[in-house]
$ cat structure01.cif   # mmCIF, C-alpha atoms
data_entry
loop_
_atom_site.label_atom_id
_atom_site.label_comp_id
_atom_site.auth_asym_id
_atom_site.auth_seq_id
_atom_site.Cartn_x
_atom_site.Cartn_y
_atom_site.Cartn_z
CA MET B 25 -17.17 -29.34 12.45
CA THR B 26 -17.38 -26.21 14.56
CA GLY B 27 -19.52 -26.45 17.64
CA HIS B 28 -19.87 -25.58 21.30
CA ASP B 29 -16.82 -26.42 23.42
CA PRO B 30 -18.06 -26.80 27.05
CA HIS B 31 -14.51 -26.54 28.37
CA GLN B 32 -14.04 -23.24 26.58
CA VAL B 33 -17.30 -21.92 28.07
CA ASN B 34 -16.17 -22.93 31.55
CA ARG B 35 -12.86 -21.16 31.05
CA ARG B 36 -14.70 -18.00 30.08
CA LYS B 37 -16.90 -18.23 33.18
CA PHE B 38 -13.77 -18.66 35.29
CA LEU B 39 -12.12 -15.60 33.82
CA SER B 40 -15.31 -13.59 34.23
CA ALA B 41 -15.49 -14.53 37.90
CA ALA B 42 -11.87 -13.50 38.32
CA GLY B 43 -12.64 -10.00 37.07
CA GLY B 44 -12.39 -10.32 33.30
CA LEU B 45 -9.64 -11.18 30.88
CA ALA B 46 -7.61 -8.12 31.72
CA ALA B 47 -7.83 -8.71 35.47
CA ALA B 48 -6.84 -12.33 35.00
CA GLY B 49 -3.63 -11.12 33.41
CA MET B 50 -3.84 -13.46 30.43
CA SER B 51 -5.51 -13.73 27.07
CA SER B 52 -8.04 -16.34 26.00
CA ASN B 53 -5.43 -17.49 23.48
CA ALA B 54 -3.29 -18.70 26.36
CA LEU B 55 -6.14 -21.03 27.26
CA GLY B 56 -6.44 -22.47 23.79
CA ALA B 57 -9.10 -20.32 22.10
CA PRO B 58 -7.30 -19.44 18.84
CA ASN B 59 -10.10 -17.30 17.37
CA ASP B 60 -10.36 -14.94 20.35
CA LYS B 61 -8.28 -11.79 20.59
CA SER B 62 -6.63 -10.82 23.84
CA SER B 63 -7.78 -7.74 25.73
CA ASP B 64 -4.40 -6.17 25.00
CA ASP B 65 -4.91 -6.65 21.26
CA ARG B 66 -8.37 -5.14 21.53
CA GLN B 67 -7.06 -2.07 23.34
CA VAL B 68 -4.48 -1.56 20.59
CA GLN B 69 -7.26 -1.75 18.01
CA LEU B 70 -9.37 0.77 19.91
CA ASN B 71 -6.53 3.26 19.72
CA ASN B 72 -5.43 2.49 16.16
CA PRO B 73 -8.01 3.10 13.41
CA GLN B 74 -5.70 1.47 10.88
CA VAL B 75 -6.07 -1.90 12.59
CA GLY B 76 -9.45 -3.27 11.51
CA GLN B 77 -12.76 -2.08 12.85
CA PRO B 78 -13.37 -0.61 16.33
CA VAL B 79 -13.77 -3.32 18.94
CA SER B 80 -17.12 -2.66 20.56
CA GLN B 81 -17.17 -5.55 23.03
CA THR B 82 -14.40 -4.16 25.22
CA ALA B 83 -15.21 -1.28 27.54
CA LYS B 84 -12.59 1.35 28.34
CA ALA B 85 -11.26 1.41 31.88
CA ARG B 86 -13.01 3.94 34.15
CA ASP B 87 -11.73 5.23 37.49
CA GLY B 88 -8.88 2.75 37.49
CA LYS B 89 -11.20 -0.25 37.29
CA PRO B 90 -10.11 -3.17 35.09
CA LEU B 91 -11.50 -3.65 31.59
CA VAL B 92 -14.58 -5.83 31.65
CA PRO B 93 -15.77 -7.60 28.49
CA GLY B 94 -19.25 -6.52 27.47
CA PRO B 95 -21.76 -8.41 25.36
CA PRO B 96 -20.54 -9.23 21.84
CA PRO B 97 -22.13 -7.30 18.97
CA LYS B 98 -24.95 -8.91 17.06
CA LYS B 99 -23.63 -10.70 14.00
CA LEU B 100 -25.61 -10.43 10.76
CA GLY B 101 -26.04 -13.60 8.73
CA TYR B 102 -24.37 -13.99 5.33
CA CYS B 103 -25.51 -16.33 2.59
CA ILE B 104 -22.53 -17.25 0.39
CA VAL B 105 -23.50 -17.76 -3.25
CA GLY B 106 -20.82 -19.74 -5.08
CA LEU B 107 -18.44 -22.21 -3.46
CA GLY B 108 -15.45 -21.95 -5.76
CA LYS B 109 -11.85 -21.61 -4.65
CA PHE B 110 -12.20 -17.95 -3.69
CA GLY B 111 -15.29 -18.46 -1.55
CA VAL B 112 -14.00 -21.59 0.16
CA GLN B 113 -10.38 -20.58 0.71
CA GLN B 114 -10.72 -16.84 1.35
CA ILE B 115 -14.23 -15.71 2.28
CA LEU B 116 -15.52 -18.45 4.56
CA PRO B 117 -12.35 -18.70 6.71
CA SER B 118 -12.37 -14.91 7.15
CA PHE B 119 -15.58 -15.01 9.17
CA SER B 120 -13.48 -16.18 12.14
CA GLN B 121 -11.98 -12.66 12.19
CA ALA B 122 -15.27 -10.83 11.72
CA GLU B 123 -17.07 -9.23 14.66
CA HIS B 124 -20.36 -8.34 12.99
CA ALA B 125 -20.78 -11.10 10.40
CA LYS B 126 -21.28 -14.85 10.33
CA PRO B 127 -22.06 -17.46 7.62
CA VAL B 128 -25.58 -18.87 7.91
CA ALA B 129 -26.42 -20.21 4.44
CA LEU B 130 -24.83 -21.52 1.25
CA VAL B 131 -25.81 -21.65 -2.42
CA SER B 132 -24.13 -24.20 -4.69
CA GLY B 133 -24.81 -26.52 -7.57
CA ASP B 134 -22.90 -29.28 -5.75
CA ARG B 135 -24.98 -30.52 -2.82
CA ASP B 136 -22.33 -32.88 -1.43
CA LYS B 137 -19.70 -30.14 -1.40
CA ALA B 138 -22.14 -27.69 0.21
CA GLU B 139 -23.07 -30.19 2.94
CA ALA B 140 -19.42 -30.79 3.81
CA ILE B 141 -18.75 -27.06 4.03
CA ALA B 142 -21.95 -26.44 5.99
CA ALA B 143 -20.95 -29.08 8.54
CA HIS B 144 -17.55 -27.42 9.00
CA TYR B 145 -19.11 -23.99 9.63
CA ASP B 146 -22.07 -25.21 11.70
CA ILE B 147 -24.57 -24.17 9.02
CA SER B 148 -27.89 -25.98 9.02
CA PRO B 149 -28.48 -28.34 6.05
CA LYS B 150 -31.86 -26.61 5.74
CA SER B 151 -29.95 -23.45 4.78
CA ILE B 152 -28.30 -24.98 1.71
CA TYR B 153 -29.79 -23.84 -1.59
CA ASN B 154 -29.11 -24.42 -5.27
CA TYR B 155 -29.49 -22.01 -8.18
CA ASP B 156 -33.02 -23.19 -8.97
CA ASN B 157 -34.51 -22.78 -5.49
CA PHE B 158 -32.39 -19.72 -4.68
CA ASP B 159 -35.48 -17.52 -4.31
CA ASP B 160 -36.47 -19.56 -1.22
CA ILE B 161 -33.92 -17.55 0.76
CA ALA B 162 -36.77 -15.07 1.19
CA ASP B 163 -38.20 -17.43 3.82
CA ASN B 164 -34.97 -17.68 5.81
CA ASP B 165 -34.92 -14.97 8.47
CA GLU B 166 -31.35 -15.84 9.46
CA ILE B 167 -30.11 -14.43 6.15
CA ASP B 168 -29.52 -10.68 6.26
CA ILE B 169 -26.93 -10.37 3.47
CA VAL B 170 -26.27 -12.31 0.28
CA TYR B 171 -22.64 -12.38 -0.88
CA ILE B 172 -22.47 -13.01 -4.66
CA ILE B 173 -19.28 -14.86 -5.66
CA LEU B 174 -20.12 -16.05 -9.17
CA PRO B 175 -18.80 -15.50 -12.72
CA ASN B 176 -19.18 -11.84 -13.68
CA ALA B 177 -22.08 -12.39 -16.10
CA MET B 178 -24.17 -13.93 -13.29
CA HIS B 179 -23.78 -11.05 -10.83
CA ALA B 180 -26.74 -9.03 -12.07
CA GLU B 181 -29.26 -11.90 -12.10
CA PHE B 182 -28.52 -13.11 -8.59
CA THR B 183 -28.13 -9.64 -7.11
CA ILE B 184 -31.56 -8.69 -8.44
CA ARG B 185 -33.11 -11.95 -7.22
CA ALA B 186 -31.54 -11.49 -3.78
CA HIS B 187 -32.98 -7.98 -3.51
CA GLN B 188 -36.36 -9.27 -4.62
CA ALA B 189 -36.08 -11.79 -1.78
CA GLY B 190 -35.68 -8.86 0.62
CA LYS B 191 -31.95 -9.24 1.28
CA HIS B 192 -29.02 -6.84 1.26
CA VAL B 193 -26.27 -7.73 -1.25
CA LEU B 194 -22.48 -7.71 -1.22
CA CYS B 195 -21.35 -8.42 -4.78
CA GLU B 196 -17.86 -9.28 -5.99
CA LYS B 197 -16.11 -7.02 -8.46
CA PRO B 198 -16.47 -6.31 -11.31
CA MET B 199 -20.06 -5.44 -10.51
CA ALA B 200 -21.31 -6.78 -13.85
CA THR B 201 -20.34 -7.02 -17.52
CA SER B 202 -22.33 -4.01 -18.75
CA VAL B 203 -23.36 -0.59 -17.51
CA GLU B 204 -27.01 -1.53 -18.13
CA ASP B 205 -26.76 -4.54 -15.79
CA CYS B 206 -25.10 -2.39 -13.12
CA GLN B 207 -27.95 0.12 -13.28
CA GLN B 208 -30.55 -2.66 -13.01
CA MET B 209 -28.79 -3.92 -9.87
CA ILE B 210 -28.86 -0.43 -8.33
CA ASP B 211 -32.52 -0.01 -9.26
CA ALA B 212 -33.39 -3.38 -7.68
CA ALA B 213 -31.71 -2.35 -4.42
CA GLU B 214 -33.60 0.94 -4.33
CA LYS B 215 -36.91 -0.75 -5.12
CA ALA B 216 -36.39 -3.29 -2.34
CA ASN B 217 -35.11 -0.62 0.07
CA ARG B 218 -31.99 -2.71 0.63
CA LYS B 219 -28.29 -1.87 0.50
CA LEU B 220 -25.94 -2.89 -2.31
CA MET B 221 -22.18 -2.90 -1.80
CA ILE B 222 -19.38 -3.95 -4.16
CA ALA B 223 -16.57 -6.00 -2.63
CA TYR B 224 -13.62 -3.68 -3.24
CA ARG B 225 -11.67 -5.30 -0.40
CA VAL B 226 -8.54 -3.22 -1.06
CA GLN B 227 -10.35 -0.06 0.04
CA TYR B 228 -10.61 -1.68 3.50
CA GLU B 229 -6.91 -2.65 3.63
CA PRO B 230 -4.65 -0.54 5.91
CA TYR B 231 -1.75 0.10 3.49
CA ASN B 232 -4.03 1.25 0.67
CA MET B 233 -6.02 3.33 3.16
CA LYS B 234 -2.76 4.99 4.26
CA VAL B 235 -1.92 5.84 0.63
CA ILE B 236 -5.33 7.50 0.31
CA GLU B 237 -4.75 9.45 3.53
CA TRP B 238 -1.28 10.69 2.55
CA SER B 239 -2.37 11.55 -0.98
CA ARG B 240 -5.36 13.57 0.16
CA SER B 241 -3.34 15.37 2.87
CA GLN B 242 -0.55 16.06 0.33
CA LYS B 243 2.16 14.70 2.61
CA TYR B 244 4.56 14.94 -0.34
CA GLY B 245 2.82 17.81 -2.07
CA PRO B 246 0.34 17.67 -4.96
CA LEU B 247 -0.06 14.34 -6.77
CA GLN B 248 1.38 14.34 -10.30
CA MET B 249 1.39 10.80 -11.74
CA ILE B 250 0.44 7.18 -11.01
CA VAL B 251 1.91 4.03 -12.52
CA SER B 252 0.13 0.75 -11.76
CA ASP B 253 0.83 -2.79 -13.01
CA THR B 254 -1.32 -5.82 -12.20
CA VAL B 255 -0.24 -8.81 -14.28
CA LEU B 256 0.03 -12.60 -13.88
CA ASP B 257 0.00 -15.92 -15.73
CA ILE B 258 -3.63 -17.09 -15.82
CA GLY B 259 -2.72 -20.74 -16.34
CA GLY B 260 -4.64 -23.25 -18.48
CA PRO B 261 -7.44 -22.49 -20.95
CA ASN B 262 -10.37 -24.17 -19.18
CA GLN B 263 -11.45 -21.28 -16.97
CA TRP B 264 -14.62 -19.20 -16.97
CA ARG B 265 -12.47 -16.06 -16.85
CA LEU B 266 -11.34 -16.84 -20.42
CA SER B 267 -14.93 -17.03 -21.69
CA LYS B 268 -16.12 -13.64 -22.89
CA LYS B 269 -19.74 -14.63 -22.27
CA LEU B 270 -19.07 -15.31 -18.58
CA SER B 271 -16.35 -12.78 -17.83
CA GLY B 272 -17.19 -9.86 -20.11
CA GLY B 273 -13.53 -9.51 -21.09
CA GLY B 274 -10.02 -10.65 -20.28
CA SER B 275 -7.38 -9.43 -17.86
CA LEU B 276 -8.89 -5.94 -17.58
CA MET B 277 -12.18 -7.22 -16.13
CA ASP B 278 -10.41 -9.46 -13.63
CA ILE B 279 -7.18 -7.84 -12.43
CA GLY B 280 -6.88 -4.61 -14.45
CA ILE B 281 -9.80 -3.27 -12.44
CA TYR B 282 -7.47 -3.10 -9.42
CA SER B 283 -5.25 -0.60 -11.22
CA LEU B 284 -8.24 1.36 -12.51
CA ASN B 285 -9.87 1.55 -9.09
CA ALA B 286 -6.57 2.47 -7.43
CA THR B 287 -6.14 5.52 -9.66
CA ARG B 288 -9.60 6.67 -8.63
CA TYR B 289 -9.22 6.19 -4.88
CA ILE B 290 -5.70 7.67 -4.81
CA THR B 291 -6.72 10.81 -6.73
CA GLY B 292 -10.25 11.06 -5.36
CA GLU B 293 -11.24 12.06 -8.90
CA GLU B 294 -12.91 10.59 -11.96
CA PRO B 295 -11.03 10.34 -15.29
CA ILE B 296 -11.86 12.76 -18.09
CA ALA B 297 -9.93 11.10 -20.94
CA ILE B 298 -8.84 7.54 -21.74
CA ASN B 299 -6.30 6.01 -24.16
CA ALA B 300 -5.57 2.29 -24.54
CA MET B 301 -4.05 -0.48 -26.60
CA LYS B 302 -4.41 -4.24 -26.28
CA ARG B 303 -2.85 -7.51 -27.41
CA GLN B 304 -4.75 -10.70 -28.19
CA ASN B 305 -2.68 -13.64 -29.43
CA LYS B 306 -5.39 -15.85 -30.93
CA ASN B 307 -2.84 -18.61 -31.58
CA ASP B 308 -2.89 -19.13 -27.83
CA PRO B 309 -6.14 -21.04 -27.06
CA ARG B 310 -6.53 -19.06 -23.85
CA PHE B 311 -7.06 -15.82 -25.74
CA SER B 312 -9.36 -16.85 -28.55
CA GLU B 313 -12.17 -14.77 -26.99
CA VAL B 314 -10.63 -12.27 -24.58
CA GLU B 315 -7.64 -9.93 -24.54
CA GLN B 316 -4.32 -11.19 -23.31
CA SER B 317 -2.85 -7.84 -22.24
CA ILE B 318 -4.05 -4.27 -22.15
CA LEU B 319 -2.39 -0.94 -21.43
CA PHE B 320 -4.42 2.15 -20.62
CA GLN B 321 -3.81 5.76 -19.72
CA LEU B 322 -6.10 8.05 -17.75
CA GLN B 323 -6.18 11.81 -17.36
CA PHE B 324 -7.89 13.43 -14.36
CA PRO B 325 -9.35 16.94 -13.91
CA SER B 326 -6.47 18.06 -11.67
CA GLY B 327 -3.98 17.19 -14.42
CA VAL B 328 -2.84 13.92 -12.79
CA MET B 329 -1.99 11.26 -15.36
CA ALA B 330 -2.03 7.48 -14.80
CA ASN B 331 -0.35 4.71 -16.80
CA CYS B 332 -1.73 1.21 -16.10
CA SER B 333 -1.23 -2.33 -17.36
CA SER B 334 -2.90 -5.70 -16.92
CA SER B 335 -2.03 -9.04 -18.47
CA TYR B 336 -2.77 -12.76 -18.23
CA SER B 337 0.51 -13.93 -19.78
CA THR B 338 3.40 -12.70 -17.65
CA ALA B 339 5.11 -13.48 -14.38
CA GLU B 340 3.17 -11.90 -11.53
CA VAL B 341 3.69 -8.22 -10.81
CA ASN B 342 1.33 -6.37 -8.46
CA ARG B 343 2.33 -2.81 -7.64
CA TYR B 344 1.64 0.87 -7.97
CA CYS B 345 3.62 4.05 -7.46
CA ALA B 346 2.08 7.44 -6.75
CA MET B 347 4.45 10.30 -7.62
CA PHE B 348 4.04 13.67 -5.93
CA GLN B 349 5.71 17.04 -6.31
CA ASP B 350 8.08 16.36 -3.40
CA GLY B 351 8.22 12.58 -3.10
CA TRP B 352 6.62 9.25 -3.88
CA ILE B 353 4.74 6.30 -2.37
CA LYS B 354 5.06 2.77 -3.69
CA LEU B 355 3.10 -0.37 -2.74
CA ASP B 356 4.73 -3.60 -3.91
CA PRO B 357 2.76 -5.80 -3.70
CA ALA B 358 -0.23 -3.49 -3.64
CA THR B 359 -3.48 -5.46 -3.93
CA THR B 360 -2.62 -9.06 -3.01
CA TYR B 361 -4.39 -10.82 -0.11
CA THR B 362 -1.34 -10.49 2.18
CA GLY B 363 2.29 -9.38 2.14
CA HIS B 364 1.83 -5.68 1.33
CA ARG B 365 4.95 -3.53 1.43
CA PHE B 366 4.78 0.26 1.68
CA PHE B 367 7.77 2.34 0.59
CA HIS B 368 7.94 6.12 0.53
CA GLY B 369 10.55 8.78 0.17
CA SER B 370 11.90 11.96 -1.29
CA GLY B 371 15.13 12.32 -3.24
CA LYS B 372 17.56 9.55 -2.34
CA LYS B 373 15.95 8.72 1.01
CA GLU B 374 13.63 5.70 1.12
CA GLU B 375 11.69 4.45 4.13
CA GLN B 376 9.40 1.50 4.69
CA LEU B 377 6.17 1.86 6.66
CA PHE B 378 4.91 -1.11 8.68
CA LEU B 379 1.23 -1.56 9.58
CA ASP B 380 -0.62 -4.46 11.16
CA HIS B 381 -2.22 -6.89 8.73
CA VAL B 382 -6.01 -6.92 8.62
CA SER B 383 -8.20 -9.43 6.81
CA HIS B 384 -9.65 -7.35 3.96
CA PHE B 385 -12.53 -9.78 3.68
CA ALA B 386 -13.49 -9.62 7.35
CA ALA B 387 -13.11 -5.83 7.31
CA GLU B 388 -15.41 -5.32 4.32
CA MET B 389 -18.01 -7.82 5.61
CA ASP B 390 -18.01 -6.12 9.01
CA HIS B 391 -18.27 -2.68 7.39
CA PHE B 392 -21.33 -3.74 5.44
CA ALA B 393 -22.97 -5.38 8.46
CA GLU B 394 -22.41 -2.27 10.57
CA ALA B 395 -23.75 -0.02 7.82
CA ILE B 396 -26.93 -2.10 7.77
CA LYS B 397 -27.28 -2.07 11.55
CA ASN B 398 -26.64 1.68 11.73
CA ASN B 399 -28.46 2.51 8.48
CA SER B 400 -25.35 4.37 7.31
CA GLU B 401 -23.77 4.77 3.88
CA VAL B 402 -21.36 2.11 2.63
CA ARG B 403 -17.89 3.06 1.41
CA THR B 404 -18.13 1.16 -1.89
CA PRO B 405 -21.78 1.24 -3.05
CA GLY B 406 -23.23 0.08 -6.35
CA GLN B 407 -22.45 3.45 -7.94
CA GLU B 408 -18.73 2.77 -7.38
CA GLY B 409 -18.98 -0.50 -9.25
CA LEU B 410 -20.98 1.05 -12.09
CA LYS B 411 -18.30 3.70 -12.64
CA ASP B 412 -15.52 1.13 -13.03
CA VAL B 413 -17.57 -0.92 -15.49
CA LYS B 414 -18.31 2.26 -17.46
CA TYR B 415 -14.60 3.15 -17.62
CA MET B 416 -13.59 -0.41 -18.57
CA ARG B 417 -16.00 -0.37 -21.51
CA MET B 418 -14.41 2.95 -22.54
CA ILE B 419 -10.91 1.44 -22.21
CA TYR B 420 -11.96 -1.33 -24.60
CA GLU B 421 -13.41 1.28 -26.97
CA ALA B 422 -10.18 3.29 -26.90
CA ALA B 423 -8.11 0.14 -27.57
CA GLU B 424 -10.32 -0.92 -30.48
CA THR B 425 -10.54 2.49 -32.16
CA GLY B 426 -7.07 3.80 -31.37
CA SER B 427 -8.64 7.11 -30.37
CA THR B 428 -8.84 9.02 -27.13
CA VAL B 429 -12.21 8.53 -25.46
CA LYS B 430 -13.54 11.60 -23.67
CA VAL B 431 -15.55 10.86 -20.51
CA SER B 432 -18.73 12.87 -20.31
#
$ encode --input "structure01.cif" --output "structure tokens"
Amino acid sequence: MTGHDPHQVNRRKFLSAAGGLAAAGMSSNALGAPNDKSSDDRQVQLNNPQVGQPVSQTAKARDGKPLVPGPPPKKLGYCIVGLGKFGVQQILPSFSQAEHAKPVALVSGDRDKAEAIAAHYDISPKSIYNYDNFDDIADNDEIDIVYIILPNAMHAEFTIRAHQAGKHVLCEKPMATSVEDCQQMIDAAEKANRKLMIAYRVQYEPYNMKVIEWSRSQKYGPLQMIVSDTVLDIGGPNQWRLSKKLSGGGSLMDIGIYSLNATRYITGEEPIAINAMKRQNKNDPRFSEVEQSILFQLQFPSGVMANCSSSYSTAEVNRYCAMFQDGWIKLDPATTYTGHRFFHGSGKKEEQLFLDHVSHFAAEMDHFAEAIKNNSEVRTPGQEGLKDVKYMRMIYEAAETGSTVKVS
């Protein structure tokens, strides 16, 4: 269980009296506070926009005086809806790296599990809800943001209910299973005067952000082509992702969306034509309802072409390559949680770029919290999610008809 450590507080008071962390010549980590960053790390982050968000609690040195820690930023409260593997193993631990976000409430159908998790994160048992009394979050002033981590078909219902309860919403991708549901979610946000953001974590990840930067600046000349592959072995048949009712589709809706979204953020354009083909081996019980593999091609207004694949029945491959007039950039892996590798080159020369790792989850949660505090636009709003769902439905149409689908 996380709680107040009086010894840690005393250490902080000691360092403050000695003139701050920088003046003390040591980091809080040296004194056994693993979640605190040293003043040196914070100064690096202030000067490097690729390393997470700006660190507001550290003041710059003035007139030769040492850096003095200022008050920490206010953290907005997140209510986590859905305590599956992803929420428990990825999202909740990432709050330790967030500067503007904290977990304050949980929603789960398993009360015992929720109580154990709440105890670990110092969340009040009074802030545990189930799917029936979910609307009671309206009475909890600690909750600023609701993070929807549920099967795809449930995103629309709980996003709309969260907005009706007066809360901002961060919703996992894909936004929903239909364009109509996506639009209803956007309408609910506008009616409630609350923000809606889709959790495209990769757009907050430094290596992918660097690809965007180099592509837009034409470091290697105009972009010509993109190839992207996101495939894996899904495992056994008893998963909600293999139910068309819950998922809306197969590999495309789950992992193929990474390739689709990558083509859009690398080009900065929207596709104008789509081709596709799919495979569905119904003798495999996993694919009785959803596609096993799907290939799709996109054409963009500038003439850029993209060739993408997603599958649930292969060894894992997670990569993309952007090819330019005078060179290329390759991420392999490209959209995993960690371990990104960035290669680039021209002709026979290849180089590897190294950037500091950032928690995508903490970065996107902080971005949303800051957008709410500053009343600024979010990078990946509901409209971004709606577009991907629209294009995925068109990819399915192209695969089923064997014809090119023109995007109006």
$ residues_around --input "structure01.cif" --residues "range 317-322 of chain B" --least-positions-apart "6" --cutoff "7 Å" --atoms "all atoms listed in the file" --output "ChimeraX atom specification"
/B:275-276,295,297-304,329-336,419
$ atom_distance --input "structure01.cif" --atom1 "CA of Tyr289 in chain B" --atom2 "CA of Tyr228 in chain B"
11.6 Å
$ atom_distance --input "structure01.cif" --atom1 "CA of Ala129 in chain B" --atom2 "CA of Ala395 in chain B"
20.6 Å
$ closest_residue --input "structure01.cif" --among "B:Pro127, B:Gly371, B:Gly272, B:Gly111" --to "Lys99 in chain B" --atoms "all atoms listed in the file"
B:Pro127
$ closest_residue --input "structure01.cif" --among "B:Ile279, B:Lys234, B:Leu107, B:Ala180" --to "Glu204 in chain B" --atoms "only C-alpha atoms"
B:Ala180
$ closest_residue --input "structure01.cif" --among "B:Val193, B:Ile258, B:Ile184, B:Ala140" --to "Ile104 in chain B" --atoms "all atoms listed in the file"
B:Val193
$ atom_distance --input "structure01.cif" --atom1 "CA of Ser312 in chain B" --atom2 "CA of Gly108 in chain B"
24.1 Å
$ residues_around --input "structure01.cif" --residues "Asn285 in chain B" --least-positions-apart "4" --cutoff "9 Å" --atoms "all atoms listed in the file" --output "ChimeraX atom specification"
/B:224,280-281,289-290,412
$ residues_near_point --input "structure01.cif" --point "(-21.3, -11.7, 15.2)" --cutoff "9 Å" --atoms "all atoms listed in the file" --output "list in words"
Pro96, Pro97, Lys98, Lys99, Leu100, Gly101, Phe119, Ala122, Glu123, His124, Ala125, Lys126 and Asp390 of chain B
$ write_last_selection --input "structure01.cif" --atoms "C-alpha atoms" --output "PDB file, in the frame of the given file"
ATOM      1  CA  PRO B  96     -20.540  -9.230  21.840  1.00  0.00           C
ATOM      2  CA  PRO B  97     -22.130  -7.300  18.970  1.00  0.00           C
ATOM      3  CA  LYS B  98     -24.950  -8.910  17.060  1.00  0.00           C
ATOM      4  CA  LYS B  99     -23.630 -10.700  14.000  1.00  0.00           C
ATOM      5  CA  LEU B 100     -25.610 -10.430  10.760  1.00  0.00           C
ATOM      6  CA  GLY B 101     -26.040 -13.600   8.730  1.00  0.00           C
ATOM      7  CA  PHE B 119     -15.580 -15.010   9.170  1.00  0.00           C
ATOM      8  CA  ALA B 122     -15.270 -10.830  11.720  1.00  0.00           C
ATOM      9  CA  GLU B 123     -17.070  -9.230  14.660  1.00  0.00           C
ATOM     10  CA  HIS B 124     -20.360  -8.340  12.990  1.00  0.00           C
ATOM     11  CA  ALA B 125     -20.780 -11.100  10.400  1.00  0.00           C
ATOM     12  CA  LYS B 126     -21.280 -14.850  10.330  1.00  0.00           C
ATOM     13  CA  ASP B 390     -18.010  -6.120   9.010  1.00  0.00           C
TER      14      ASP B 390
END
$ residues_around --input "structure01.cif" --residues "Arg265 in chain B" --least-positions-apart "4" --cutoff "7 Å" --atoms "all atoms listed in the file" --output "list of chain:residue names"
B:Leu270, B:Ser271, B:Gly274
$ resolve_selection --input "structure01.cif" --expression "the PyMOL selection byres ((chain B and resi 143) around 12)" --output "ChimeraX atom specification"
/B:25-27,127-130,136-142,144-152
$ decode --input "structure01.cif" --residues "range 120-135 of chain B" --atoms "N, CA and C atoms" --output "tab-separated table (two decimals), in the first residue's frame"
chain	number	residue	atom	x	y	z
B	120	SER	N	3.09	6.79	-11.62
B	120	SER	CA	4.27	7.17	-10.83
B	120	SER	C	5.19	8.08	-11.62
B	121	GLN	N	5.08	8.07	-12.96
B	121	GLN	CA	5.91	8.91	-13.81
B	121	GLN	C	5.17	10.14	-14.32
B	122	ALA	N	3.92	10.30	-13.91
B	122	ALA	CA	3.12	11.44	-14.36
B	122	ALA	C	3.28	12.61	-13.41
B	123	GLU	N	3.28	13.81	-13.95
B	123	GLU	CA	3.42	15.01	-13.12
B	123	GLU	C	2.12	15.77	-12.96
B	124	HIS	N	1.14	15.46	-13.78
B	124	HIS	CA	-0.12	16.21	-13.74
B	124	HIS	C	-1.33	15.29	-13.55
B	125	ALA	N	-1.09	14.02	-13.29
B	125	ALA	CA	-2.19	13.05	-13.22
B	125	ALA	C	-1.98	12.07	-12.08
B	126	LYS	N	-3.09	11.65	-11.49
B	126	LYS	CA	-3.04	10.67	-10.41
B	126	LYS	C	-4.30	9.82	-10.45
B	127	PRO	N	-4.24	8.55	-9.99
B	127	PRO	CA	-5.46	7.72	-9.95
B	127	PRO	C	-6.23	8.00	-8.68
B	128	VAL	N	-7.54	8.23	-8.81
B	128	VAL	CA	-8.36	8.54	-7.63
B	128	VAL	C	-9.59	7.66	-7.52
B	129	ALA	N	-9.90	6.88	-8.57
B	129	ALA	CA	-11.11	6.06	-8.54
B	129	ALA	C	-10.97	4.89	-9.51
B	130	LEU	N	-11.74	3.84	-9.26
B	130	LEU	CA	-11.70	2.63	-10.08
B	130	LEU	C	-13.10	2.17	-10.40
B	131	VAL	N	-13.27	1.55	-11.56
B	131	VAL	CA	-14.55	0.94	-11.94
B	131	VAL	C	-14.26	-0.49	-12.38
B	132	SER	N	-14.92	-1.45	-11.73
B	132	SER	CA	-14.67	-2.86	-12.04
B	132	SER	C	-15.88	-3.69	-11.64
B	133	GLY	N	-16.04	-4.80	-12.31
B	133	GLY	CA	-17.08	-5.75	-11.93
B	133	GLY	C	-16.62	-6.71	-10.84
B	134	ASP	N	-15.36	-6.63	-10.46
B	134	ASP	CA	-14.79	-7.51	-9.43
B	134	ASP	C	-14.39	-6.67	-8.23
B	135	ARG	N	-15.25	-6.62	-7.23
B	135	ARG	CA	-15.02	-5.76	-6.07
B	135	ARG	C	-13.74	-6.13	-5.32
